[in-house]
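Okay, so here's the structure we're looking at.
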Amino acid sequence: MSYIVALSGGIASGKSTIANLFAQLGVPIIDADVIARQVVAIGTPALTQIVKHFSQEILLTNGELDRSQLREIIFNNDHERLWLNNLLHPIIAQETQRQFAEQTAPYVIWVVPLLIENNLQQLANRILLINTPEELQLERLINRDGISESLAKRMIETQVSLTDRLPFADDIIVNDGNLAALTVQIDHLHKQYLHNSKVKNSYE
C-alpha cells in the first residue's frame, strides 16, 4: 500500500485547491467528499435508508439526493446529523480502504475533512493540516455554496477548531489566498513525501 498523507482542514479552507496542485504533480487523490457522494448515488442502499428516514421530500425531481436540503436539516439538528453520520461513515470507511488497497504510487493524498472529528488519524502515515484564516473560510463558504452567513458560521462551528487540530499535524500548510506561495509549499512537501515513502518501504 502507498504511503498515506491525510490532508485535512476546516470547511472551505482550500482542500480541493491543494489536492489539485498535488494531482498536477502526479499524486493520486482519494477524496472523502467524492466517496461520500458516490455512496449516496441513485440506487445505493444508503440513499434508500436516507429516503426511508427523511421521506421522498429529500430527493430532487431526478431522483438524486437533495444535498442542499439535507445540509440545512443536519446543520440545524444535531440528532439528525448524528443519525446520518452513523449511517454513512462505516460505508465511506469501507470504500476508502478499498481505494487505499488499489494504490501503487509512492504516496497518495487522502482528502478527509473530518479526520480528527471521526478519529481517523491512525489510518494515515502523516497528517497535513491546512491553516486558513477563519474570516477567509467564512467568505469562501458563503460565496461557494450561496448560503447565509449564519448557516456558514454554524457549519464552521460544528467542526474541530484549528487550535484543536494542531496537535495532530505533522505538517502545516498556510492557505491565505496566495497561490504562488501555496505552490512553493506543495513542491517542498511533495519532495518530502516521496522521501518518506522510500524510507517506509525500506522497512517493509
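Residues in the C-alpha cells are named by chain (A, B, ... in the order shown) and by number from 1 within that chain; ligands are numbered from 1 in the order shown.
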DSSP-assigned helix (DSSP H, G or I) members of region 45-170 of chain A, reported as JSON, numbers by chain: {"A": [45, 46, 47, 48, 49, 50, 51, 52, 53, 54, 56, 57, 58, 67, 68, 69, 70, 71, 72, 73, 74, 78, 79, 80, 81, 82, 83, 84, 85, 86, 87, 88, 89, 90, 91, 92, 93, 94, 95, 96, 97, 98, 99, 100, 101, 102, 121, 122, 123, 134, 135, 136, 137, 138, 139, 140, 141, 142, 143, 144, 145, 149, 150, 151, 152, 153, 154, 155, 156, 157, 162, 163, 164, 165, 166, 167, 168]}
Backbone DSSP call of strand (DSSP E) for region 117-174 of chain A, listed as a VMD selection string: chain A and resid 126 to 131 171 to 174
Store the residues picked out above in a file with C-alpha atoms, as a compact mmCIF listing (two decimals), in the first residue's frame.
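Everything below was put into result_35.txt:
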# COMPACT_ATOMS: atom_id res chain seq x y z
CA ARG A 126 1.31 11.54 8.01
CA ILE A 127 -1.14 14.41 8.56
CA LEU A 128 -1.03 17.63 6.56
CA LEU A 129 -3.16 20.37 8.10
CA ILE A 130 -4.37 23.49 6.29
CA ASN A 131 -4.17 26.76 8.20
CA ASP A 171 2.94 19.35 8.58
CA ILE A 172 1.07 22.64 8.26
CA ILE A 173 0.38 24.42 5.01
CA VAL A 174 -0.72 28.07 5.03
Separation of CA of Ile29 (chain A) from CA of Leu138 (chain A) in Å: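 Between these atoms lies a distance of 25.3 Å.
Nearest to Trp83 (chain A) of all the residues A:Ile50, A:Val39, A:Ile4, A:Ala152 is A:Ile50, counting only C-alpha atoms.
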Spatial neighbours of region 141-146 of chain A, max dist 12 Å, only C-alpha atoms, sep filter under 2 positions, as a PyMOL selection string: chain A and resi 10-14+67-68+71-72+134-139+148-156
Print the selection's residues with N, CA, C and O atoms to a file, as a compact mmCIF listing (two decimals), in the first residue's frame.
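Wrote out_7.txt, looks like this:
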# COMPACT_ATOMS: atom_id res chain seq x y z
N GLY A 10 -10.42 22.87 8.02
CA GLY A 10 -11.81 23.27 8.17
C GLY A 10 -12.52 23.40 6.83
O GLY A 10 -11.89 23.42 5.77
N ILE A 11 -13.83 23.47 6.89
CA ILE A 11 -14.62 23.62 5.68
C ILE A 11 -14.22 24.92 4.96
O ILE A 11 -13.93 25.93 5.60
N ALA A 12 -14.12 24.84 3.63
CA ALA A 12 -13.74 25.98 2.79
C ALA A 12 -12.34 26.51 3.11
O ALA A 12 -12.05 27.68 2.92
N SER A 13 -11.47 25.61 3.56
CA SER A 13 -10.08 26.02 3.85
C SER A 13 -9.19 25.89 2.61
O SER A 13 -8.03 26.30 2.65
N GLY A 14 -9.72 25.30 1.55
CA GLY A 14 -8.95 25.18 0.31
C GLY A 14 -8.43 23.78 0.04
O GLY A 14 -7.44 23.62 -0.68
N ARG A 67 -28.89 17.53 -1.73
CA ARG A 67 -27.84 17.75 -0.74
C ARG A 67 -28.00 19.09 -0.03
O ARG A 67 -27.66 19.23 1.13
N SER A 68 -28.52 20.08 -0.74
CA SER A 68 -28.73 21.39 -0.13
C SER A 68 -29.77 21.31 0.99
O SER A 68 -29.57 21.85 2.09
N ARG A 71 -28.33 19.34 3.94
CA ARG A 71 -27.38 20.16 4.69
C ARG A 71 -28.12 21.09 5.65
O ARG A 71 -27.72 21.24 6.80
N GLU A 72 -29.20 21.70 5.18
CA GLU A 72 -29.99 22.59 6.04
C GLU A 72 -30.52 21.83 7.26
O GLU A 72 -30.53 22.34 8.37
N GLU A 134 -10.05 32.23 9.58
CA GLU A 134 -11.48 31.90 9.65
C GLU A 134 -12.34 32.88 8.85
O GLU A 134 -13.34 32.47 8.24
N GLU A 135 -11.95 34.14 8.81
CA GLU A 135 -12.74 35.10 8.04
C GLU A 135 -12.71 34.77 6.54
O GLU A 135 -13.69 34.99 5.82
N LEU A 136 -11.59 34.21 6.07
CA LEU A 136 -11.48 33.80 4.68
C LEU A 136 -12.31 32.55 4.44
O LEU A 136 -12.96 32.43 3.39
N GLN A 137 -12.31 31.60 5.39
CA GLN A 137 -13.17 30.42 5.30
C GLN A 137 -14.63 30.84 5.16
O GLN A 137 -15.36 30.32 4.31
N LEU A 138 -15.06 31.76 6.01
CA LEU A 138 -16.45 32.21 6.03
C LEU A 138 -16.82 32.84 4.69
O LEU A 138 -17.88 32.52 4.12
N GLU A 139 -15.96 33.69 4.18
CA GLU A 139 -16.22 34.35 2.89
C GLU A 139 -16.32 33.32 1.76
O GLU A 139 -17.23 33.38 0.93
N SER A 148 -26.42 31.59 3.70
CA SER A 148 -26.40 32.75 4.60
C SER A 148 -25.17 32.72 5.49
O SER A 148 -24.56 31.67 5.70
N GLU A 149 -24.82 33.87 6.02
CA GLU A 149 -23.68 33.94 6.93
C GLU A 149 -23.93 33.12 8.19
O GLU A 149 -23.02 32.48 8.71
N SER A 150 -25.18 33.13 8.68
CA SER A 150 -25.50 32.38 9.91
C SER A 150 -25.33 30.88 9.71
O SER A 150 -24.78 30.19 10.59
N LEU A 151 -25.77 30.36 8.55
CA LEU A 151 -25.59 28.93 8.29
C LEU A 151 -24.10 28.61 8.12
O LEU A 151 -23.61 27.60 8.62
N ALA A 152 -23.38 29.47 7.42
CA ALA A 152 -21.95 29.26 7.23
C ALA A 152 -21.23 29.20 8.57
O ALA A 152 -20.35 28.35 8.79
N LYS A 153 -21.58 30.08 9.48
CA LYS A 153 -20.96 30.08 10.81
C LYS A 153 -21.28 28.80 11.57
O LYS A 153 -20.41 28.23 12.24
N ARG A 154 -22.53 28.32 11.46
CA ARG A 154 -22.91 27.07 12.14
C ARG A 154 -22.12 25.90 11.59
O ARG A 154 -21.70 25.00 12.32
N MET A 155 -21.92 25.87 10.26
CA MET A 155 -21.17 24.79 9.64
C MET A 155 -19.73 24.78 10.12
O MET A 155 -19.16 23.72 10.38
N ILE A 156 -19.14 25.96 10.25
CA ILE A 156 -17.77 26.06 10.74
C ILE A 156 -17.69 25.64 12.20
O ILE A 156 -16.77 24.93 12.62
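Put simply, CA of Leu123 (chain A) is 11.9 Å away from CA of Ser2 (chain A).
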Counting only C-alpha atoms, which residues in region 1-57 of chain A sit no more than 9 Å from region 184-195 of chain A? For each one, give the nearest pair of atoms and the distance in Å, sorted by chain then residue number, as JSON lines.
{"residue": "A:Tyr3", "atom": "CA", "partner": "A:Tyr193", "partner_atom": "CA", "distance": 8.1}
{"residue": "A:Val5", "atom": "CA", "partner": "A:Tyr193", "partner_atom": "CA", "distance": 8.1}
{"residue": "A:Ile18", "atom": "CA", "partner": "A:Ile186", "partner_atom": "CA", "distance": 7.8}
{"residue": "A:Leu21", "atom": "CA", "partner": "A:Ile186", "partner_atom": "CA", "distance": 7.4}
{"residue": "A:Phe22", "atom": "CA", "partner": "A:Ile186", "partner_atom": "CA", "distance": 7.0}
{"residue": "A:Leu25", "atom": "CA", "partner": "A:His190", "partner_atom": "CA", "distance": 8.1}
{"residue": "A:Val27", "atom": "CA", "partner": "A:His190", "partner_atom": "CA", "distance": 8.7}
Surrounding residues of Leu59 (chain A) excluding itself and chain neighbours under 2 positions, 12 Å, only C-alpha atoms, as number ranges by chain: A: 40-42, 47-48, 50-57, 61-70
